file start-v6.txt (compact mmCIF, C-alpha atoms and all ligand atoms)
# COMPACT_ATOMS: atom_id res chain seq x y z
CA MET A 25 -34.03 -19.71 49.84
CA PHE A 26 -36.66 -17.54 48.10
CA LYS A 27 -38.99 -19.66 45.98
CA PRO A 28 -40.32 -17.95 42.85
CA VAL A 29 -44.11 -17.54 42.66
CA LEU A 30 -45.78 -18.03 39.30
CA LEU A 31 -47.89 -15.11 38.09
CA HIS A 32 -50.81 -15.42 35.68
CA LYS A 33 -49.43 -12.35 33.92
CA THR A 34 -46.21 -10.36 33.93
CA GLY A 35 -45.78 -7.24 36.06
CA PRO A 36 -45.94 -4.91 33.00
CA GLN A 37 -49.15 -6.62 31.80
CA ILE A 38 -50.72 -6.15 35.20
CA ALA A 39 -49.62 -2.51 35.31
CA GLN A 40 -51.38 -2.02 31.95
CA GLU A 41 -54.54 -3.62 33.31
CA ILE A 42 -54.49 -1.38 36.36
CA GLN A 43 -54.17 1.65 34.09
CA ALA A 44 -57.24 0.43 32.21
CA CYS A 45 -59.29 -0.03 35.41
CA ILE A 46 -62.30 2.32 35.47
CA GLY A 47 -62.73 1.97 39.23
CA CYS A 48 -66.26 0.59 39.09
CA ASN A 49 -65.69 -1.68 42.13
CA GLU A 50 -67.55 -4.66 40.59
CA CYS A 51 -64.61 -6.99 41.22
CA LEU A 52 -64.58 -6.25 44.94
CA LEU A 53 -68.36 -6.53 45.22
CA ALA A 54 -68.08 -10.06 43.83
CA CYS A 55 -65.20 -11.08 46.08
CA PRO A 56 -66.00 -13.54 48.87
CA ALA A 57 -62.73 -12.82 50.68
CA LEU A 58 -62.93 -9.07 51.26
CA ALA A 59 -63.58 -8.55 54.98
CA GLU A 60 -63.37 -4.76 55.23
CA PRO A 61 -63.95 -1.99 52.67
CA ILE A 62 -60.96 -1.02 50.53
CA THR A 63 -61.17 1.58 47.78
CA ILE A 64 -60.12 0.53 44.29
CA ASP A 65 -57.77 3.52 43.98
CA VAL A 66 -55.84 2.50 47.09
CA LEU A 67 -55.78 -1.15 46.06
CA ASN A 68 -54.57 -0.35 42.56
CA CYS A 69 -51.82 1.98 43.81
CA GLN A 70 -50.57 -0.44 46.42
CA THR A 71 -50.67 -3.35 43.99
CA LEU A 72 -47.97 -1.68 41.91
CA SER A 73 -45.64 0.15 44.29
CA GLY A 74 -45.03 1.85 47.58
CA SER A 75 -45.97 0.75 51.05
CA ILE A 76 -48.81 -1.72 51.65
CA SER A 77 -51.34 -0.81 54.33
CA PRO A 78 -52.45 -3.41 56.90
CA ALA A 79 -55.96 -3.59 55.34
CA VAL A 80 -54.61 -4.21 51.85
CA ALA A 81 -52.08 -6.72 53.16
CA HIS A 82 -54.84 -8.58 54.96
CA PHE A 83 -56.94 -8.67 51.80
CA ALA A 84 -53.98 -9.91 49.76
CA ARG A 85 -53.46 -12.74 52.19
CA SER A 86 -57.17 -13.57 52.19
CA CYS A 87 -57.40 -13.81 48.39
CA TYR A 88 -57.50 -17.47 47.49
CA GLN A 89 -57.47 -16.97 43.73
CA CYS A 90 -61.04 -18.18 43.19
CA GLY A 91 -61.50 -15.98 40.11
CA ALA A 92 -64.97 -14.70 41.09
CA CYS A 93 -63.76 -11.14 40.46
CA VAL A 94 -62.99 -11.70 36.77
CA ASP A 95 -66.40 -12.19 35.12
CA PRO A 96 -68.04 -9.08 36.62
CA CYS A 97 -65.35 -6.72 35.28
CA PRO A 98 -66.98 -4.67 32.50
CA VAL A 99 -63.67 -4.05 30.75
CA GLY A 100 -62.26 -7.58 30.90
CA LEU A 101 -59.57 -7.11 33.54
CA HIS A 102 -58.16 -9.77 35.85
CA ARG A 103 -58.28 -8.73 39.49
CA ASP A 104 -57.12 -12.24 40.43
CA ALA A 105 -53.84 -11.67 38.58
CA MET A 106 -53.50 -8.22 40.18
CA MET A 107 -53.96 -9.83 43.58
CA MET A 108 -51.31 -12.42 42.82
CA LEU A 109 -48.86 -9.64 42.03
CA LEU A 110 -49.76 -8.01 45.33
CA LYS A 111 -49.14 -11.31 47.12
CA VAL A 112 -45.70 -11.46 45.51
CA ARG A 113 -44.96 -7.88 46.63
CA LEU A 114 -45.96 -8.82 50.15
CA LEU A 115 -43.76 -11.92 50.13
CA ARG A 116 -40.81 -9.96 48.84
CA SER A 117 -41.24 -7.20 51.38
CA GLY A 118 -41.34 -9.72 54.22
CA TRP A 119 -44.18 -7.69 55.70
CA GLU A 120 -45.54 -9.32 58.87
CA GLU A 121 -49.07 -8.74 60.15
S1 LIG A 201 -59.53 -14.20 43.14
FE1 LIG A 201 -59.12 -13.19 45.11
S2 LIG A 201 -59.77 -11.06 44.78
FE2 LIG A 201 -60.72 -12.33 43.16
S3 LIG A 201 -62.74 -12.87 43.97
FE3 LIG A 201 -61.32 -14.54 44.48
S4 LIG A 201 -60.59 -14.09 46.53
FE4 LIG A 201 -61.48 -12.18 45.71
S1 LIG A 202 -64.30 -4.62 37.93
FE1 LIG A 202 -62.59 -4.20 36.52
S2 LIG A 202 -62.78 -2.02 35.99
FE2 LIG A 202 -64.08 -2.39 37.79
S3 LIG A 202 -62.76 -1.86 39.54
FE3 LIG A 202 -62.54 -4.08 39.19
S4 LIG A 202 -60.76 -4.29 37.80
FE4 LIG A 202 -61.40 -2.14 37.75
call {"tool": "encode", "arguments": {"input": "start-v6.txt", "output": "structure tokens", "more": "lines below"}}
Ligand code: SF4
Ligand code: SF4
result
Amino acid sequence: MFKPVLLHKTGPQIAQEIQACIGCNECLLACPALAEPITIDVLNCQTLSGSISPAVAHFARSCYQCGACVDPCPVGLHRDAMMMLLKVRLLRSGWEE
């Protein structure tokens, strides 16, 4: 049976945050879990909809919700919550690496 995953924020709230993202990349520079370069545009798009690339899926699995990406954001966004939504999308899609 599918177990619900708790999100820090709702999907619409996260979509609003992604719209407000200025693409500065500070969140990813601060992230200890990012193993290979991913552009913010690609990450933001795939967080919300469409197919999820292997690199983005790997990053989503690697995110351990440490929150290090939140403080550096100059516009007060929550990349950790965005990543949790992406984890939920991955779970729901049943995507296997
Ligand atoms: S919460 Fe996830 S994305 Fe943010 S810094 Fe930690 S591991 Fe990276
Ligand atoms: S730090 Fe904030 S504004 Fe900059 S790319 Fe990350 S979420 Fe977007």
call {"tool": "atom_distance", "arguments": {"input": "start-v6.txt", "atom1": "atom CA of Cys55 of chain A", "atom2": "atom CA of Gln89 of chain A"}}
result
10.0 Å
call {"tool": "residues_near_ligand", "arguments": {"input": "start-v6.txt", "ligand": "ligand LIG 202 (chain A)", "cutoff": "9 Å", "atoms": "all atoms listed in the file", "output": "NGL selection string"}}
result
:A and (41-54 or 64-65 or 68 or 93-103 or 106)
call {"tool": "closest_residue", "arguments": {"input": "start-v6.txt", "among": "A:Pro56, A:Leu109, A:His32, A:Leu114", "to": "Ser75 of chain A", "atoms": "only C-alpha atoms"}}
result
A:Leu114
call {"tool": "closest_residue", "arguments": {"input": "start-v6.txt", "among": "A:Ile62, A:Val112, A:Leu72, A:Ala105", "to": "ligand LIG 201 (chain A)", "atoms": "all atoms listed in the file"}}
result
A:Ala105
call {"tool": "closest_residue", "arguments": {"input": "start-v6.txt", "among": "A:Arg116, A:Ile76, A:Cys69, A:Ala57", "to": "ligand LIG 201 (chain A)", "atoms": "only C-alpha atoms and all ligand atoms"}}
result
A:Ala57
call {"tool": "closest_residue", "arguments": {"input": "start-v6.txt", "among": "A:Ala81, A:Cys87, A:Ala92, A:Leu58", "to": "Gly118 of chain A", "atoms": "all atoms listed in the file"}}
result
A:Ala81
call {"tool": "axis_aligned_box", "arguments": {"input": "start-v6.txt", "around": "ligand LIG 201 (chain A)", "padding_each_side": "3 Å", "output": "lines of an AutoDock Vina configuration file"}}
result
center_x = -60.9
center_y = -12.8
center_z = 44.8
size_x = 9.6
size_y = 9.5
size_z = 9.4
call {"tool": "atom_distance", "arguments": {"input": "start-v6.txt", "atom1": "atom CA of Thr63 of chain A", "atom2": "atom FE3 of ligand LIG 201 (chain A)"}}
result
16.5 Å
call {"tool": "atom_distance", "arguments": {"input": "start-v6.txt", "atom1": "atom CA of Ile38 of chain A", "atom2": "atom CA of Met108 of chain A"}}
result
9.9 Å
call {"tool": "closest_residue", "arguments": {"input": "start-v6.txt", "among": "A:Thr34, A:Gln40, A:Thr71, A:Ser77", "to": "ligand LIG 201 (chain A)", "atoms": "only C-alpha atoms and all ligand atoms"}}
result
A:Thr71
call {"tool": "closest_residue", "arguments": {"input": "start-v6.txt", "among": "A:Leu115, A:Cys90, A:Ala39, A:Ala79", "to": "Val66 of chain A", "atoms": "only C-alpha atoms"}}
result
A:Ala79
